[in-house]
>>> print(open('start_32.cif').read())   # mmCIF, C-alpha atoms (C1' of nucleotides)
data_input
#
loop_
_atom_site.group_PDB
_atom_site.id
_atom_site.type_symbol
_atom_site.label_atom_id
_atom_site.label_comp_id
_atom_site.auth_asym_id
_atom_site.auth_seq_id
_atom_site.Cartn_x
_atom_site.Cartn_y
_atom_site.Cartn_z
ATOM 1 C CA MET F 1 8.775 -33.701 -31.944
ATOM 2 C CA LYS F 2 5.611 -32.154 -30.634
ATOM 3 C CA LYS F 3 2.626 -30.897 -32.562
ATOM 4 C CA ASN F 4 1.289 -27.371 -32.461
ATOM 5 C CA ALA F 5 -1.912 -26.248 -30.802
ATOM 6 C CA GLU F 6 -1.782 -22.839 -32.393
ATOM 7 C CA ALA F 7 -2.567 -24.203 -35.831
ATOM 8 C CA CYS F 8 -6.358 -24.212 -35.495
ATOM 9 C CA GLU F 9 -6.599 -20.454 -35.613
ATOM 10 C CA ILE F 10 -4.912 -19.828 -38.935
ATOM 11 C CA THR F 11 -4.476 -16.214 -39.968
ATOM 12 C CA TYR F 12 -2.736 -15.002 -43.075
ATOM 13 C CA VAL F 13 -0.810 -11.889 -43.952
ATOM 14 C CA ASP F 14 -1.025 -12.640 -47.655
ATOM 15 C CA GLU F 15 -3.526 -15.442 -48.174
ATOM 16 C CA LYS F 16 -3.151 -15.479 -51.941
ATOM 17 C CA LYS F 17 0.589 -15.983 -51.761
ATOM 18 C CA VAL F 18 0.237 -18.676 -49.134
ATOM 19 C CA LYS F 19 -2.328 -20.568 -51.218
ATOM 20 C CA LYS F 20 -0.066 -20.359 -54.241
ATOM 21 C CA VAL F 21 2.951 -21.780 -52.415
ATOM 22 C CA GLN F 22 0.687 -24.374 -50.824
ATOM 23 C CA ARG F 23 -0.090 -25.731 -54.272
ATOM 24 C CA GLU F 24 3.600 -25.882 -55.130
ATOM 25 C CA MET F 25 4.659 -27.587 -51.912
ATOM 26 C CA LEU F 26 6.180 -31.053 -51.727
ATOM 27 C CA ARG F 27 4.079 -34.079 -50.783
ATOM 28 C CA GLU F 28 4.584 -35.372 -47.260
ATOM 29 C CA LYS F 29 6.111 -38.549 -48.650
ATOM 30 C CA ALA F 30 8.678 -36.576 -50.637
ATOM 31 C CA VAL F 31 9.498 -34.394 -47.638
ATOM 32 C CA GLU F 32 10.245 -37.565 -45.677
ATOM 33 C CA THR F 33 12.411 -39.117 -48.371
ATOM 34 C CA ILE F 34 14.351 -35.939 -48.980
ATOM 35 C CA SER F 35 14.895 -34.997 -45.368
ATOM 36 C CA ASP F 36 15.944 -38.565 -44.568
ATOM 37 C CA MET F 37 18.693 -38.286 -47.145
ATOM 38 C CA PHE F 38 19.861 -34.922 -45.828
ATOM 39 C CA LYS F 39 19.643 -36.212 -42.277
ATOM 40 C CA ALA F 40 21.988 -39.005 -43.325
ATOM 41 C CA LEU F 41 24.505 -36.444 -44.526
ATOM 42 C CA GLY F 42 23.931 -34.211 -41.529
ATOM 43 C CA ASP F 43 25.926 -36.274 -39.063
ATOM 44 C CA TYR F 44 29.715 -36.135 -38.668
ATOM 45 C CA THR F 45 30.298 -39.853 -38.706
ATOM 46 C CA ARG F 46 27.976 -40.604 -41.605
ATOM 47 C CA LEU F 47 29.227 -37.675 -43.648
ATOM 48 C CA LYS F 48 32.801 -38.883 -43.215
ATOM 49 C CA ILE F 49 31.804 -42.436 -44.077
ATOM 50 C CA LEU F 50 30.127 -41.291 -47.272
ATOM 51 C CA TYR F 51 32.998 -39.019 -48.185
ATOM 52 C CA ALA F 52 35.526 -41.790 -47.601
ATOM 53 C CA LEU F 53 33.462 -44.213 -49.663
ATOM 54 C CA SER F 54 33.384 -41.674 -52.475
ATOM 55 C CA LYS F 55 37.154 -42.126 -52.645
ATOM 56 C CA GLU F 56 37.486 -45.882 -52.093
ATOM 57 C CA GLU F 57 35.488 -48.983 -51.380
ATOM 58 C CA LEU F 58 36.280 -49.794 -47.742
ATOM 59 C CA CYS F 59 35.533 -52.475 -45.185
ATOM 60 C CA VAL F 60 34.073 -51.815 -41.764
ATOM 61 C CA ARG F 61 37.364 -52.164 -39.921
ATOM 62 C CA ASP F 62 39.157 -49.763 -42.240
ATOM 63 C CA LEU F 63 36.369 -47.231 -41.883
ATOM 64 C CA SER F 64 36.683 -47.664 -38.155
ATOM 65 C CA SER F 65 40.408 -46.952 -38.064
ATOM 66 C CA LEU F 66 40.145 -44.188 -40.632
ATOM 67 C CA LEU F 67 37.496 -42.325 -38.650
ATOM 68 C CA GLU F 68 38.767 -43.394 -35.226
ATOM 69 C CA THR F 69 35.335 -44.625 -34.272
ATOM 70 C CA SER F 70 34.369 -48.015 -32.865
ATOM 71 C CA ILE F 71 33.464 -50.874 -35.200
ATOM 72 C CA SER F 72 30.049 -51.036 -33.623
ATOM 73 C CA ALA F 73 29.281 -47.356 -34.081
ATOM 74 C CA ILE F 74 30.381 -47.540 -37.706
ATOM 75 C CA SER F 75 28.276 -50.616 -38.276
ATOM 76 C CA HIS F 76 25.190 -48.968 -36.801
ATOM 77 C CA GLN F 77 25.637 -45.976 -39.063
ATOM 78 C CA LEU F 78 26.263 -48.179 -42.068
ATOM 79 C CA ARG F 79 22.945 -49.820 -41.401
ATOM 80 C CA VAL F 80 21.217 -46.437 -41.477
ATOM 81 C CA LEU F 81 22.905 -45.690 -44.786
ATOM 82 C CA ARG F 82 22.105 -49.151 -46.111
ATOM 83 C CA ASN F 83 18.430 -48.808 -45.218
ATOM 84 C CA LEU F 84 18.332 -45.555 -47.133
ATOM 85 C CA ARG F 85 20.077 -47.322 -50.027
ATOM 86 C CA LEU F 86 22.895 -44.794 -49.970
ATOM 87 C CA VAL F 87 25.590 -47.465 -49.604
ATOM 88 C CA LYS F 88 25.794 -51.118 -50.564
ATOM 89 C CA PRO F 89 27.748 -54.016 -49.038
ATOM 90 C CA ARG F 90 29.854 -56.583 -50.859
ATOM 91 C CA ARG F 91 30.887 -59.609 -48.901
ATOM 92 C CA GLN F 92 34.243 -61.229 -49.584
ATOM 93 C CA GLY F 93 34.897 -64.019 -47.156
ATOM 94 C CA LYS F 94 34.736 -62.627 -43.648
ATOM 95 C CA VAL F 95 35.132 -59.049 -44.799
ATOM 96 C CA VAL F 96 32.267 -56.789 -45.890
ATOM 97 C CA TYR F 97 33.215 -53.975 -48.234
ATOM 98 C CA TYR F 98 31.010 -50.923 -48.607
ATOM 99 C CA SER F 99 30.631 -48.509 -51.479
ATOM 100 C CA LEU F 100 28.269 -45.717 -52.506
ATOM 101 C CA ASP F 101 24.953 -46.830 -53.978
ATOM 102 C CA ASP F 102 23.253 -43.582 -54.925
ATOM 103 C CA ASP F 103 24.061 -41.271 -57.791
ATOM 104 C CA HIS F 104 22.873 -38.209 -55.909
ATOM 105 C CA VAL F 105 25.143 -38.540 -52.900
ATOM 106 C CA LEU F 106 28.234 -37.655 -54.871
ATOM 107 C CA SER F 107 26.610 -34.514 -56.278
ATOM 108 C CA LEU F 108 25.468 -33.521 -52.817
ATOM 109 C CA LEU F 109 28.945 -34.025 -51.388
ATOM 110 C CA GLN F 110 30.465 -31.911 -54.126
ATOM 111 C CA ILE F 111 28.050 -29.056 -53.490
ATOM 112 C CA GLY F 112 28.757 -29.412 -49.775
ATOM 113 C CA VAL F 113 32.487 -29.108 -50.338
ATOM 114 C CA LYS F 114 32.000 -26.074 -52.561
ATOM 115 C CA HIS F 115 29.824 -24.500 -49.880
ATOM 116 C CA ALA F 116 32.491 -25.085 -47.235
ATOM 117 C CA GLU F 117 35.195 -23.596 -49.435
ATOM 118 C CA GLU F 118 33.205 -20.415 -49.932
ATOM 119 C CA SER F 119 32.478 -19.802 -46.260
ATOM 120 C CA MET E 1 27.731 -37.906 -28.655
ATOM 121 C CA LYS E 2 30.270 -40.089 -26.942
ATOM 122 C CA LYS E 3 33.843 -40.794 -27.886
ATOM 123 C CA ASN E 4 35.295 -44.195 -28.554
ATOM 124 C CA ALA E 5 37.676 -46.108 -26.327
ATOM 125 C CA GLU E 6 38.461 -48.670 -28.960
ATOM 126 C CA ALA E 7 40.414 -46.202 -31.071
ATOM 127 C CA CYS E 8 43.756 -46.611 -29.328
ATOM 128 C CA GLU E 9 44.291 -50.107 -30.675
ATOM 129 C CA ILE E 10 44.117 -49.354 -34.375
ATOM 130 C CA THR E 11 44.382 -52.286 -36.748
ATOM 131 C CA TYR E 12 44.080 -52.183 -40.489
ATOM 132 C CA VAL E 13 42.892 -54.576 -43.108
ATOM 133 C CA ASP E 14 44.479 -52.541 -45.880
ATOM 134 C CA GLU E 15 46.751 -49.935 -44.337
ATOM 135 C CA LYS E 16 47.892 -48.517 -47.642
ATOM 136 C CA LYS E 17 44.352 -47.842 -48.777
ATOM 137 C CA VAL E 18 43.430 -46.297 -45.430
ATOM 138 C CA LYS E 19 46.448 -43.979 -45.535
ATOM 139 C CA LYS E 20 45.573 -42.914 -49.040
ATOM 140 C CA VAL E 21 41.975 -42.041 -48.159
ATOM 141 C CA GLN E 22 43.238 -40.368 -44.985
ATOM 142 C CA ARG E 23 45.205 -37.924 -47.120
ATOM 143 C CA GLU E 24 42.133 -37.191 -49.225
ATOM 144 C CA MET E 25 39.776 -36.693 -46.285
ATOM 145 C CA LEU E 26 38.043 -33.413 -45.462
ATOM 146 C CA ARG E 27 39.370 -31.121 -42.762
ATOM 147 C CA GLU E 28 37.432 -31.150 -39.501
ATOM 148 C CA LYS E 29 36.326 -27.585 -40.134
ATOM 149 C CA ALA E 30 34.897 -28.499 -43.522
ATOM 150 C CA VAL E 31 33.143 -31.540 -42.096
ATOM 151 C CA GLU E 32 31.459 -29.246 -39.589
ATOM 152 C CA THR E 33 30.392 -26.672 -42.134
ATOM 153 C CA ILE E 34 29.088 -29.253 -44.564
ATOM 154 C CA SER E 35 27.255 -31.384 -42.053
ATOM 155 C CA ASP E 36 25.713 -28.283 -40.508
ATOM 156 C CA MET E 37 24.214 -27.412 -43.857
ATOM 157 C CA PHE E 38 22.904 -30.911 -44.414
ATOM 158 C CA LYS E 39 21.605 -31.018 -40.845
ATOM 159 C CA ALA E 40 19.651 -27.882 -41.634
ATOM 160 C CA LEU E 41 18.007 -29.625 -44.570
ATOM 161 C CA GLY E 42 17.519 -32.822 -42.624
ATOM 162 C CA ASP E 43 14.577 -31.647 -40.543
ATOM 163 C CA TYR E 44 10.956 -31.650 -41.750
ATOM 164 C CA THR E 45 10.161 -28.130 -40.657
ATOM 165 C CA ARG E 46 13.358 -26.559 -41.943
ATOM 166 C CA LEU E 47 13.236 -28.452 -45.211
ATOM 167 C CA LYS E 48 9.697 -27.203 -45.793
ATOM 168 C CA ILE E 49 10.670 -23.675 -44.855
ATOM 169 C CA LEU E 50 13.541 -23.700 -47.316
ATOM 170 C CA TYR E 51 11.444 -25.252 -50.041
ATOM 171 C CA ALA E 52 8.674 -22.707 -49.529
ATOM 172 C CA LEU E 53 11.173 -19.862 -49.599
ATOM 173 C CA SER E 54 12.547 -21.222 -52.856
ATOM 174 C CA LYS E 55 9.122 -20.426 -54.319
ATOM 175 C CA GLU E 56 8.320 -17.124 -52.611
ATOM 176 C CA GLU E 57 9.641 -14.656 -50.114
ATOM 177 C CA LEU E 58 7.436 -15.184 -47.035
ATOM 178 C CA CYS E 59 6.908 -13.660 -43.597
ATOM 179 C CA VAL E 60 6.965 -15.625 -40.365
ATOM 180 C CA ARG E 61 3.202 -15.713 -39.968
ATOM 181 C CA ASP E 62 2.644 -16.971 -43.502
ATOM 182 C CA LEU E 63 5.254 -19.674 -43.044
ATOM 183 C CA SER E 64 3.481 -20.590 -39.839
ATOM 184 C CA SER E 65 0.078 -21.000 -41.475
ATOM 185 C CA LEU E 66 1.536 -22.656 -44.558
ATOM 186 C CA LEU E 67 3.339 -25.309 -42.520
ATOM 187 C CA GLU E 68 0.750 -25.466 -39.731
ATOM 188 C CA THR E 69 3.437 -24.939 -37.149
ATOM 189 C CA SER E 70 3.518 -22.369 -34.345
ATOM 190 C CA ILE E 71 5.030 -18.945 -34.920
ATOM 191 C CA SER E 72 7.540 -19.627 -32.187
ATOM 192 C CA ALA E 73 8.703 -22.926 -33.633
ATOM 193 C CA ILE E 74 9.096 -21.353 -37.055
ATOM 194 C CA SER E 75 11.009 -18.458 -35.598
ATOM 195 C CA HIS E 76 13.383 -20.750 -33.746
ATOM 196 C CA GLN E 77 14.098 -22.678 -36.914
ATOM 197 C CA LEU E 78 14.530 -19.493 -38.906
ATOM 198 C CA ARG E 79 17.184 -18.460 -36.455
ATOM 199 C CA VAL E 80 19.057 -21.696 -37.076
ATOM 200 C CA LEU E 81 18.864 -21.074 -40.809
ATOM 201 C CA ARG E 82 19.845 -17.436 -40.365
ATOM 202 C CA ASN E 83 22.891 -18.359 -38.291
ATOM 203 C CA LEU E 84 23.980 -20.692 -41.057
ATOM 204 C CA ARG E 85 23.372 -17.878 -43.550
ATOM 205 C CA LEU E 86 20.964 -20.024 -45.527
ATOM 206 C CA VAL E 87 18.151 -17.474 -45.298
ATOM 207 C CA LYS E 88 18.060 -13.724 -44.873
ATOM 208 C CA PRO E 89 15.450 -11.424 -43.303
ATOM 209 C CA ARG E 90 14.029 -8.228 -44.730
ATOM 210 C CA ARG E 91 12.086 -6.039 -42.353
ATOM 211 C CA GLN E 92 9.155 -4.022 -43.665
ATOM 212 C CA GLY E 93 7.402 -2.272 -40.840
ATOM 213 C CA LYS E 94 6.295 -4.847 -38.310
ATOM 214 C CA VAL E 95 6.633 -7.724 -40.722
ATOM 215 C CA VAL E 96 9.847 -9.647 -41.367
ATOM 216 C CA TYR E 97 10.108 -11.336 -44.733
ATOM 217 C CA TYR E 98 12.494 -14.205 -45.308
ATOM 218 C CA SER E 99 14.155 -15.441 -48.472
ATOM 219 C CA LEU E 100 16.941 -17.834 -49.442
ATOM 220 C CA ASP E 101 20.466 -16.536 -48.989
ATOM 221 C CA ASP E 102 22.651 -19.329 -50.300
ATOM 222 C CA ASP E 103 23.220 -20.373 -53.872
ATOM 223 C CA HIS E 104 23.804 -23.984 -52.928
ATOM 224 C CA VAL E 105 20.520 -24.596 -51.150
ATOM 225 C CA LEU E 106 18.512 -24.468 -54.347
ATOM 226 C CA SER E 107 20.806 -26.989 -56.036
ATOM 227 C CA LEU E 108 20.582 -29.258 -53.026
ATOM 228 C CA LEU E 109 16.789 -29.051 -52.973
ATOM 229 C CA GLN E 110 16.630 -29.911 -56.652
ATOM 230 C CA ILE E 111 18.813 -32.974 -56.213
ATOM 231 C CA GLY E 112 16.693 -33.936 -53.215
ATOM 232 C CA VAL E 113 13.498 -33.732 -55.257
ATOM 233 C CA LYS E 114 15.045 -35.782 -58.039
ATOM 234 C CA HIS E 115 16.125 -38.387 -55.501
ATOM 235 C CA ALA E 116 12.604 -38.586 -54.075
ATOM 236 C CA GLU E 117 11.086 -38.981 -57.524
ATOM 237 C CA GLU E 118 13.351 -41.912 -58.309
ATOM 238 C CA SER E 119 12.622 -43.852 -55.144
ATOM 239 C "C1'" DT J 1 1.916 7.989 -25.353
ATOM 240 C "C1'" DG J 2 0.068 3.495 -25.281
ATOM 241 C "C1'" DA J 3 -2.469 -0.276 -27.299
ATOM 242 C "C1'" DA J 4 -1.928 -3.791 -30.763
ATOM 243 C "C1'" DC J 5 0.597 -6.646 -33.693
ATOM 244 C "C1'" DA J 6 4.812 -9.242 -35.489
ATOM 245 C "C1'" DA J 7 8.555 -11.579 -34.261
ATOM 246 C "C1'" DT J 8 12.230 -13.067 -31.180
ATOM 247 C "C1'" DT J 9 14.015 -15.188 -27.158
ATOM 248 C "C1'" DG J 10 15.116 -18.238 -22.928
ATOM 249 C "C1'" DA J 11 14.036 -22.000 -20.249
ATOM 250 C "C1'" DA J 12 11.801 -26.285 -19.759
ATOM 251 C "C1'" DT J 13 10.052 -30.356 -21.696
ATOM 252 C "C1'" DA J 14 9.532 -34.003 -24.896
ATOM 253 C "C1'" DA J 15 11.625 -36.668 -28.563
ATOM 254 C "C1'" DT J 16 15.015 -38.272 -31.133
ATOM 255 C "C1'" DT J 17 19.322 -40.333 -31.928
ATOM 256 C "C1'" DA J 18 24.469 -41.616 -31.628
ATOM 257 C "C1'" DT J 19 27.453 -44.463 -29.089
ATOM 258 C "C1'" DT J 20 28.667 -48.089 -25.980
ATOM 259 C "C1'" DC J 21 28.581 -52.664 -24.229
ATOM 260 C "C1'" DA J 22 27.598 -57.398 -24.457
ATOM 261 C "C1'" DA J 23 25.931 -61.041 -27.068
ATOM 262 C "C1'" DT J 24 25.336 -63.207 -31.548
ATOM 263 C "C1'" DT J 25 25.858 -64.461 -36.474
ATOM 264 C "C1'" DT J 26 28.664 -65.660 -40.358
ATOM 265 C "C1'" DT J 27 32.634 -67.230 -42.461
ATOM 266 C "C1'" DT J 28 37.339 -69.082 -42.690
ATOM 267 C "C1'" DC J 29 40.912 -72.253 -41.851
ATOM 268 C "C1'" DA J 30 43.872 -75.101 -38.849
ATOM 269 C "C1'" DT X 1 34.925 -79.656 -35.604
ATOM 270 C "C1'" DG X 2 35.995 -75.627 -33.207
ATOM 271 C "C1'" DA X 3 38.649 -71.478 -32.485
ATOM 272 C "C1'" DA X 4 39.258 -66.968 -34.347
ATOM 273 C "C1'" DA X 5 38.075 -62.949 -36.974
ATOM 274 C "C1'" DA X 6 34.665 -59.633 -39.045
ATOM 275 C "C1'" DA X 7 30.535 -57.650 -38.691
ATOM 276 C "C1'" DT X 8 25.840 -57.143 -36.998
ATOM 277 C "C1'" DT X 9 22.447 -56.504 -33.539
ATOM 278 C "C1'" DG X 10 19.560 -55.109 -29.277
ATOM 279 C "C1'" DA X 11 19.224 -52.704 -25.211
ATOM 280 C "C1'" DA X 12 20.759 -49.081 -22.341
ATOM 281 C "C1'" DT X 13 22.762 -44.727 -21.832
ATOM 282 C "C1'" DA X 14 24.224 -40.217 -23.010
ATOM 283 C "C1'" DA X 15 23.550 -36.242 -25.925
ATOM 284 C "C1'" DT X 16 21.323 -33.542 -28.854
ATOM 285 C "C1'" DT X 17 17.517 -31.019 -30.465
ATOM 286 C "C1'" DA X 18 12.586 -29.526 -31.779
ATOM 287 C "C1'" DT X 19 8.645 -27.573 -29.765
ATOM 288 C "C1'" DT X 20 6.036 -25.276 -26.280
ATOM 289 C "C1'" DC X 21 5.084 -21.699 -23.085
ATOM 290 C "C1'" DA X 22 5.694 -17.302 -21.188
ATOM 291 C "C1'" DA X 23 7.922 -13.102 -21.389
ATOM 292 C "C1'" DT X 24 10.028 -9.522 -24.153
ATOM 293 C "C1'" DT X 25 11.506 -6.511 -28.045
ATOM 294 C "C1'" DG X 26 10.546 -3.666 -31.886
ATOM 295 C "C1'" DT X 27 7.299 -1.255 -34.805
ATOM 296 C "C1'" DT X 28 3.041 1.101 -36.191
ATOM 297 C "C1'" DC X 29 -0.683 4.126 -35.739
ATOM 298 C "C1'" DA X 30 -4.748 6.041 -33.352
#
>>> encode(input="start_32.cif", output="structure tokens")
Amino acid sequence: MKKNAEACEITYVDEKKVKKVQREMLREKAVETISDMFKALGDYTRLKILYALSKEELCVRDLSSLLETSISAISHQLRVLRNLRLVKPRRQGKVVYYSLDDDHVLSLLQIGVKHAEES
Amino acid sequence: MKKNAEACEITYVDEKKVKKVQREMLREKAVETISDMFKALGDYTRLKILYALSKEELCVRDLSSLLETSISAISHQLRVLRNLRLVKPRRQGKVVYYSLDDDHVLSLLQIGVKHAEES
DNA sequence: TGAACAATTGAATAATTATTCAATTTTTCA
DNA sequence: TGAAAAATTGAATAATTATTCAATTGTTCA
């Protein structure tokens, strides 16, 4: 991502309105946290992983065969989701089972499904 | 994105469970629609645009000064959001005002904010 | 009409990121 | 102990995408 040069010469159409919204805007930190979560859901593989895990706790290999994606690719994406604390692992012997670890993900998925049904 | 080669040799840990989840999985079309929406929310600039528009109807220039991002960059992102029917334009003379055009976006933003507050 | 402003657009560039491949870690069990 | 299985990891590659820059479209109004 590149930064803008145009920003120094700020001109408004409706300065009052802009200032008002400016006060209501999200903090940078919140923007990061929120967009990271949406970014996680905004990828085919990760969305399918999360959706599958909303139905069943699954191990890496089963996710791999379910989504027809390599073990390694699944594992990389699981790490992304783990770092965001959206899923959690449970080790049982050699096998690592994953499940959802965030109350909001399920709500988001449901809204997503509703959105898809209506369009 | 690349496709996997590993997929031909499918092995299961728990075939029954995989088959069950397979039946419950989303259709490819739905996965696309849903992840497109989340992808839209998963970018700093677009997330801020949508959040700002949830507070006020705004024109391109005001979004540009509010987010300190070039007119052109904003316009490109607005097109993405327009194509997904997440925002809608309203022309008044030379100025184009944008507002939210999807009932789900607001719900998603609210869950996002809640998520950020809890982490 | 034509100058000025708002916004859009296409192409190019700069960044980001998903997947692959090879190597490694962790655990089981023969 | 050591071979085998499951998963993770790092580096490289392949794709995708956000922003910039320059040119253009659409609209107003003097």
>>> closest_residue(input="start_32.cif", among="F:Arg46, F:Lys88, F:Lys55, F:Lys94", to="F:His76", atoms="only C-alpha atoms")
F:Arg46
>>> closest_atom_pairs(input="start_32.cif", of="chain J", to="chain F", cutoff="8 Å", atoms="only C-alpha atoms (C1' of nucleotides)", output="tab-separated table")
residue	atom	partner	partner_atom	distance
J:DA14	C1'	F:Met1	CA	7.1
J:DA15	C1'	F:Met1	CA	5.3
J:DT16	C1'	F:Met1	CA	7.8
J:DA18	C1'	F:Ala73	CA	7.9
J:DT19	C1'	F:Ala73	CA	6.1
J:DT26	C1'	F:Lys94	CA	7.5
J:DT27	C1'	F:Lys94	CA	5.2
J:DT28	C1'	F:Lys94	CA	7.0
>>> write_last_selection(input="start_32.cif", atoms="C-alpha atoms (C1' of nucleotides)", output="CSV table (one decimal), keeping the file's coordinate frame")
chain,number,residue,atom,x,y,z
J,14,DA,C1',9.5,-34.0,-24.9
J,15,DA,C1',11.6,-36.7,-28.6
J,16,DT,C1',15.0,-38.3,-31.1
J,18,DA,C1',24.5,-41.6,-31.6
J,19,DT,C1',27.5,-44.5,-29.1
J,26,DT,C1',28.7,-65.7,-40.4
J,27,DT,C1',32.6,-67.2,-42.5
J,28,DT,C1',37.3,-69.1,-42.7
>>> calpha_fit_and_write(input="start_32.cif", fixed="chain F", moving="chain E", output="CSV table (one decimal) with C-alpha atoms, in the frame of the given file")
chain,number,residue,atom,x,y,z
E,1,MET,CA,8.7,-33.8,-31.9
E,2,LYS,CA,5.6,-32.2,-30.6
E,3,LYS,CA,2.6,-30.9,-32.5
E,4,ASN,CA,1.3,-27.4,-32.4
E,5,ALA,CA,-1.9,-26.2,-30.8
E,6,GLU,CA,-1.8,-22.8,-32.4
E,7,ALA,CA,-2.6,-24.2,-35.8
E,8,CYS,CA,-6.4,-24.2,-35.5
E,9,GLU,CA,-6.6,-20.4,-35.6
E,10,ILE,CA,-4.9,-19.8,-38.9
E,11,THR,CA,-4.5,-16.2,-40.0
E,12,TYR,CA,-2.7,-15.0,-43.1
E,13,VAL,CA,-0.8,-11.9,-44.0
E,14,ASP,CA,-1.0,-12.7,-47.7
E,15,GLU,CA,-3.5,-15.5,-48.2
E,16,LYS,CA,-3.2,-15.5,-51.9
E,17,LYS,CA,0.6,-16.0,-51.8
E,18,VAL,CA,0.2,-18.7,-49.1
E,19,LYS,CA,-2.3,-20.6,-51.2
E,20,LYS,CA,-0.1,-20.4,-54.2
E,21,VAL,CA,3.0,-21.8,-52.4
E,22,GLN,CA,0.7,-24.4,-50.8
E,23,ARG,CA,-0.1,-25.7,-54.3
E,24,GLU,CA,3.6,-25.9,-55.1
E,25,MET,CA,4.7,-27.6,-51.9
E,26,LEU,CA,6.2,-31.1,-51.7
E,27,ARG,CA,4.1,-34.1,-50.8
E,28,GLU,CA,4.6,-35.4,-47.3
E,29,LYS,CA,6.1,-38.5,-48.7
E,30,ALA,CA,8.7,-36.6,-50.6
E,31,VAL,CA,9.5,-34.4,-47.6
E,32,GLU,CA,10.2,-37.6,-45.7
E,33,THR,CA,12.4,-39.1,-48.4
E,34,ILE,CA,14.4,-35.9,-49.0
E,35,SER,CA,14.9,-35.0,-45.4
E,36,ASP,CA,16.0,-38.6,-44.6
E,37,MET,CA,18.7,-38.3,-47.2
E,38,PHE,CA,19.9,-34.9,-45.8
E,39,LYS,CA,19.6,-36.2,-42.3
E,40,ALA,CA,22.0,-39.0,-43.3
E,41,LEU,CA,24.5,-36.4,-44.5
E,42,GLY,CA,24.0,-34.2,-41.5
E,43,ASP,CA,25.9,-36.3,-39.1
E,44,TYR,CA,29.7,-36.1,-38.7
E,45,THR,CA,30.3,-39.9,-38.7
E,46,ARG,CA,28.0,-40.6,-41.6
E,47,LEU,CA,29.2,-37.7,-43.6
E,48,LYS,CA,32.8,-38.9,-43.2
E,49,ILE,CA,31.8,-42.4,-44.1
E,50,LEU,CA,30.1,-41.3,-47.3
E,51,TYR,CA,33.0,-39.0,-48.2
E,52,ALA,CA,35.5,-41.8,-47.6
E,53,LEU,CA,33.5,-44.2,-49.7
E,54,SER,CA,33.4,-41.7,-52.5
E,55,LYS,CA,37.2,-42.1,-52.7
E,56,GLU,CA,37.5,-45.9,-52.1
E,57,GLU,CA,35.5,-49.0,-51.4
E,58,LEU,CA,36.3,-49.8,-47.7
E,59,CYS,CA,35.5,-52.5,-45.2
E,60,VAL,CA,34.1,-51.8,-41.7
E,61,ARG,CA,37.4,-52.2,-39.9
E,62,ASP,CA,39.2,-49.8,-42.2
E,63,LEU,CA,36.4,-47.2,-41.9
E,64,SER,CA,36.7,-47.7,-38.1
E,65,SER,CA,40.4,-47.0,-38.1
E,66,LEU,CA,40.1,-44.2,-40.6
E,67,LEU,CA,37.5,-42.3,-38.7
E,68,GLU,CA,38.8,-43.4,-35.2
E,69,THR,CA,35.3,-44.6,-34.3
E,70,SER,CA,34.4,-48.0,-32.9
E,71,ILE,CA,33.5,-50.9,-35.2
E,72,SER,CA,30.0,-51.0,-33.6
E,73,ALA,CA,29.3,-47.3,-34.1
E,74,ILE,CA,30.4,-47.5,-37.7
E,75,SER,CA,28.3,-50.6,-38.3
E,76,HIS,CA,25.2,-49.0,-36.8
E,77,GLN,CA,25.6,-46.0,-39.0
E,78,LEU,CA,26.3,-48.2,-42.1
E,79,ARG,CA,22.9,-49.8,-41.4
E,80,VAL,CA,21.2,-46.4,-41.5
E,81,LEU,CA,22.9,-45.7,-44.8
E,82,ARG,CA,22.1,-49.1,-46.1
E,83,ASN,CA,18.4,-48.8,-45.2
E,84,LEU,CA,18.3,-45.6,-47.1
E,85,ARG,CA,20.1,-47.3,-50.0
E,86,LEU,CA,22.9,-44.8,-50.0
E,87,VAL,CA,25.6,-47.5,-49.6
E,88,LYS,CA,25.8,-51.1,-50.6
E,89,PRO,CA,27.7,-54.0,-49.1
E,90,ARG,CA,29.8,-56.6,-50.9
E,91,ARG,CA,30.9,-59.6,-48.9
E,92,GLN,CA,34.2,-61.2,-49.6
E,93,GLY,CA,34.9,-64.0,-47.2
E,94,LYS,CA,34.7,-62.6,-43.7
E,95,VAL,CA,35.1,-59.1,-44.8
E,96,VAL,CA,32.3,-56.8,-45.9
E,97,TYR,CA,33.2,-54.0,-48.2
E,98,TYR,CA,31.0,-50.9,-48.6
E,99,SER,CA,30.6,-48.5,-51.5
E,100,LEU,CA,28.3,-45.7,-52.5
E,101,ASP,CA,25.0,-46.8,-54.0
E,102,ASP,CA,23.3,-43.6,-54.9
E,103,ASP,CA,24.1,-41.3,-57.8
E,104,HIS,CA,22.9,-38.2,-55.9
E,105,VAL,CA,25.1,-38.5,-52.9
E,106,LEU,CA,28.2,-37.7,-54.9
E,107,SER,CA,26.6,-34.5,-56.3
E,108,LEU,CA,25.5,-33.5,-52.8
E,109,LEU,CA,28.9,-34.0,-51.4
E,110,GLN,CA,30.5,-31.9,-54.1
E,111,ILE,CA,28.0,-29.1,-53.5
E,112,GLY,CA,28.8,-29.4,-49.8
E,113,VAL,CA,32.5,-29.1,-50.3
E,114,LYS,CA,32.0,-26.1,-52.6
E,115,HIS,CA,29.8,-24.5,-49.9
E,116,ALA,CA,32.5,-25.1,-47.2
E,117,GLU,CA,35.2,-23.6,-49.4
E,118,GLU,CA,33.2,-20.4,-49.9
E,119,SER,CA,32.5,-19.8,-46.2
>>> resolve_selection(input="start_32.cif", expression="the PyMOL selection byres ((chain F and resi 42) around 9)", output="MDAnalysis selection string")
(chainID F and resid 37:41 43:47) or (chainID E and resid 34:42)
>>> atom_distance(input="start_32.cif", atom1="atom C1' of X:DA3", atom2="atom C1' of J:DC29")
9.7 Å
>>> interface_residues(input="start_32.cif", of="chain X", to="chain E", cutoff="7 Å", atoms="all atoms listed in the file", output="short mmCIF file (atom, residue, chain, number, x, y, z; two decimals) with C-alpha atoms (C1' of nucleotides), keeping the file's coordinate frame")
data_model
loop_
_atom_site.label_atom_id
_atom_site.label_comp_id
_atom_site.auth_asym_id
_atom_site.auth_seq_id
_atom_site.Cartn_x
_atom_site.Cartn_y
_atom_site.Cartn_z
"C1'" DA X 15 23.55 -36.24 -25.92
"C1'" DT X 19 8.64 -27.57 -29.76
"C1'" DT X 27 7.30 -1.25 -34.80
#
